[in-house]
Amino acid sequence: MAEKKIVDARGSYCPGPLMELIAAMKSAQVGDELEVLSTDQGSAKDIPEWIRKVGHDYLESKEEAGVWHVLVRKKK
């Protein structure tokens, strides 16, 4: 059964949020959704690019009160 996990990378700057997501992906199961919370605006661009490059699913990005929420799904 797929889970939703939060990767709280607030206060971390490039490439920190992406590195935290990569670490979380290693322990995630196929189908799990991971939501990265980041105060680094670059994450909204960097994470989707990496997700597409490695073959996972990019679901959405949105900004709320200075925090970027980037939602992805582990595909393989």
# chains A, B, ... in the order shown; residues from 1 in each chain; ligands from 1
>>> residues_around(residues="stretch 9-19 of chain A", least_positions_apart="3", cutoff="8 Å", atoms="only C-alpha atoms", output="PyMOL selection string")
chain A and resi 22-23+36-40+42-43+46-47+67
>>> write_last_selection(atoms="C-alpha atoms", output="short mmCIF file (atom, residue, chain, number, x, y, z; two decimals), in the first residue's frame")
data_model
loop_
_atom_site.label_atom_id
_atom_site.label_comp_id
_atom_site.auth_asym_id
_atom_site.auth_seq_id
_atom_site.Cartn_x
_atom_site.Cartn_y
_atom_site.Cartn_z
CA ILE A 22 17.14 11.57 -3.06
CA ALA A 23 17.84 10.04 0.37
CA VAL A 36 9.12 18.09 -0.24
CA LEU A 37 8.71 21.23 1.88
CA SER A 38 11.33 23.82 0.94
CA THR A 39 11.95 27.50 1.55
CA ASP A 40 14.42 27.51 -1.38
CA GLY A 42 15.01 26.84 -6.71
CA SER A 43 13.54 23.56 -5.48
CA ASP A 46 15.37 21.60 -9.63
CA ILE A 47 13.27 18.79 -8.15
CA VAL A 67 7.13 27.38 1.56
#
>>> residues_around(residues="A:Leu59", least_positions_apart="5", cutoff="8 Å", atoms="only C-alpha atoms", output="PyMOL selection string")
chain A and resi 70-73
>>> closest_residue(among="A:Glu3, A:Lys62, A:Asp8, A:Lys76", to="A:Gln41", atoms="only C-alpha atoms")
A:Lys62
>>> closest_residue(among="A:His69, A:Ser27, A:Glu33, A:Lys53", to="A:Ala2", atoms="only C-alpha atoms")
A:Glu33
>>> atom_distance(atom1="atom CA of A:Gly31", atom2="atom CA of A:Lys75")
6.0 Å
>>> select_by_dssp(residues="chain A", states="alpha helix (DSSP H)", output="list in words")
Gly16, Pro17, Leu18, Met19, Glu20, Leu21, Ile22, Ala23, Ala24, Met25, Lys26, Ser27, Ser43, Ala44, Lys45, Asp46, Ile47, Pro48, Glu49, Trp50, Ile51, Arg52, Lys53 and Val54 of chain A
>>> atom_distance(atom1="atom CA of A:Arg52", atom2="atom CA of A:Gly66")
24.6 Å
>>> atom_distance(atom1="atom CA of A:Ala65", atom2="atom CA of A:Glu49")
23.3 Å
>>> select_by_dssp(residues="chain A", states="strand (DSSP E)", output="list of chain:residue names")
A:Lys4, A:Lys5, A:Ile6, A:Val7, A:Asp8, A:Glu33, A:Leu34, A:Glu35, A:Val36, A:Leu37, A:Ser38, A:Asp57, A:Tyr58, A:Leu59, A:Glu60, A:Ser61, A:Lys62, A:Glu63, A:Glu64, A:Val67, A:Trp68, A:His69, A:Val70, A:Leu71, A:Val72, A:Arg73
>>> write_last_selection(atoms="N, CA and C atoms", output="PDB file, in the first residue's frame")
ATOM      1  N   LYS A   4       2.170   8.338   1.876  1.00  0.00           N
ATOM      2  CA  LYS A   4       2.571   9.710   1.587  1.00  0.00           C
ATOM      3  C   LYS A   4       3.571  10.104   2.671  1.00  0.00           C
ATOM      4  N   LYS A   5       4.733  10.563   2.243  1.00  0.00           N
ATOM      5  CA  LYS A   5       5.790  10.938   3.169  1.00  0.00           C
ATOM      6  C   LYS A   5       6.138  12.406   2.983  1.00  0.00           C
ATOM      7  N   ILE A   6       6.501  13.038   4.075  1.00  0.00           N
ATOM      8  CA  ILE A   6       6.912  14.434   4.045  1.00  0.00           C
ATOM      9  C   ILE A   6       8.429  14.492   4.171  1.00  0.00           C
ATOM     10  N   VAL A   7       9.055  15.254   3.281  1.00  0.00           N
ATOM     11  CA  VAL A   7      10.493  15.516   3.360  1.00  0.00           C
ATOM     12  C   VAL A   7      10.620  16.993   3.720  1.00  0.00           C
ATOM     13  N   ASP A   8      10.880  17.277   4.995  1.00  0.00           N
ATOM     14  CA  ASP A   8      10.930  18.659   5.467  1.00  0.00           C
ATOM     15  C   ASP A   8      12.334  19.216   5.286  1.00  0.00           C
ATOM     16  N   GLU A  33       4.142   8.535  -2.403  1.00  0.00           N
ATOM     17  CA  GLU A  33       4.206   9.948  -2.750  1.00  0.00           C
ATOM     18  C   GLU A  33       5.063  10.640  -1.702  1.00  0.00           C
ATOM     19  N   LEU A  34       5.939  11.497  -2.157  1.00  0.00           N
ATOM     20  CA  LEU A  34       6.798  12.261  -1.276  1.00  0.00           C
ATOM     21  C   LEU A  34       6.531  13.734  -1.522  1.00  0.00           C
ATOM     22  N   GLU A  35       6.280  14.452  -0.457  1.00  0.00           N
ATOM     23  CA  GLU A  35       6.047  15.891  -0.548  1.00  0.00           C
ATOM     24  C   GLU A  35       7.234  16.600   0.091  1.00  0.00           C
ATOM     25  N   VAL A  36       7.962  17.346  -0.727  1.00  0.00           N
ATOM     26  CA  VAL A  36       9.116  18.091  -0.240  1.00  0.00           C
ATOM     27  C   VAL A  36       8.651  19.485   0.176  1.00  0.00           C
ATOM     28  N   LEU A  37       8.977  19.878   1.394  1.00  0.00           N
ATOM     29  CA  LEU A  37       8.711  21.228   1.878  1.00  0.00           C
ATOM     30  C   LEU A  37      10.031  21.981   1.836  1.00  0.00           C
ATOM     31  N   SER A  38      10.073  23.086   1.120  1.00  0.00           N
ATOM     32  CA  SER A  38      11.325  23.818   0.943  1.00  0.00           C
ATOM     33  C   SER A  38      11.082  25.315   0.944  1.00  0.00           C
ATOM     34  N   ASP A  57       7.493  10.151 -11.152  1.00  0.00           N
ATOM     35  CA  ASP A  57       6.376  11.011 -11.548  1.00  0.00           C
ATOM     36  C   ASP A  57       6.407  12.328 -10.774  1.00  0.00           C
ATOM     37  N   TYR A  58       6.405  13.431 -11.508  1.00  0.00           N
ATOM     38  CA  TYR A  58       6.252  14.758 -10.906  1.00  0.00           C
ATOM     39  C   TYR A  58       4.757  15.052 -10.889  1.00  0.00           C
ATOM     40  N   LEU A  59       4.212  15.388  -9.723  1.00  0.00           N
ATOM     41  CA  LEU A  59       2.776  15.607  -9.608  1.00  0.00           C
ATOM     42  C   LEU A  59       2.409  17.087  -9.575  1.00  0.00           C
ATOM     43  N   GLU A  60       3.054  17.881  -8.714  1.00  0.00           N
ATOM     44  CA  GLU A  60       2.735  19.307  -8.672  1.00  0.00           C
ATOM     45  C   GLU A  60       3.705  20.071  -7.779  1.00  0.00           C
ATOM     46  N   SER A  61       3.723  21.382  -7.980  1.00  0.00           N
ATOM     47  CA  SER A  61       4.447  22.305  -7.108  1.00  0.00           C
ATOM     48  C   SER A  61       3.511  23.461  -6.805  1.00  0.00           C
ATOM     49  N   LYS A  62       3.557  23.900  -5.569  1.00  0.00           N
ATOM     50  CA  LYS A  62       2.794  25.091  -5.202  1.00  0.00           C
ATOM     51  C   LYS A  62       3.514  25.780  -4.057  1.00  0.00           C
ATOM     52  N   GLU A  63       3.299  27.082  -3.957  1.00  0.00           N
ATOM     53  CA  GLU A  63       3.922  27.871  -2.908  1.00  0.00           C
ATOM     54  C   GLU A  63       2.841  28.373  -1.967  1.00  0.00           C
ATOM     55  N   GLU A  64       3.058  28.196  -0.683  1.00  0.00           N
ATOM     56  CA  GLU A  64       2.120  28.674   0.337  1.00  0.00           C
ATOM     57  C   GLU A  64       2.916  29.313   1.457  1.00  0.00           C
ATOM     58  N   VAL A  67       6.664  28.772   1.556  1.00  0.00           N
ATOM     59  CA  VAL A  67       7.134  27.384   1.556  1.00  0.00           C
ATOM     60  C   VAL A  67       6.662  26.713   0.270  1.00  0.00           C
ATOM     61  N   TRP A  68       7.608  26.124  -0.461  1.00  0.00           N
ATOM     62  CA  TRP A  68       7.288  25.376  -1.670  1.00  0.00           C
ATOM     63  C   TRP A  68       6.926  23.955  -1.290  1.00  0.00           C
ATOM     64  N   HIS A  69       5.850  23.454  -1.866  1.00  0.00           N
ATOM     65  CA  HIS A  69       5.394  22.071  -1.678  1.00  0.00           C
ATOM     66  C   HIS A  69       5.548  21.397  -3.036  1.00  0.00           C
ATOM     67  N   VAL A  70       6.467  20.445  -3.125  1.00  0.00           N
ATOM     68  CA  VAL A  70       6.726  19.750  -4.386  1.00  0.00           C
ATOM     69  C   VAL A  70       6.352  18.290  -4.167  1.00  0.00           C
ATOM     70  N   LEU A  71       5.357  17.822  -4.916  1.00  0.00           N
ATOM     71  CA  LEU A  71       4.823  16.478  -4.731  1.00  0.00           C
ATOM     72  C   LEU A  71       5.267  15.580  -5.879  1.00  0.00           C
ATOM     73  N   VAL A  72       5.852  14.427  -5.512  1.00  0.00           N
ATOM     74  CA  VAL A  72       6.361  13.475  -6.498  1.00  0.00           C
ATOM     75  C   VAL A  72       5.931  12.057  -6.103  1.00  0.00           C
ATOM     76  N   ARG A  73       6.018  11.122  -7.060  1.00  0.00           N
ATOM     77  CA  ARG A  73       5.687   9.720  -6.790  1.00  0.00           C
ATOM     78  C   ARG A  73       6.827   8.836  -7.281  1.00  0.00           C
TER      79      ARG A  73
END
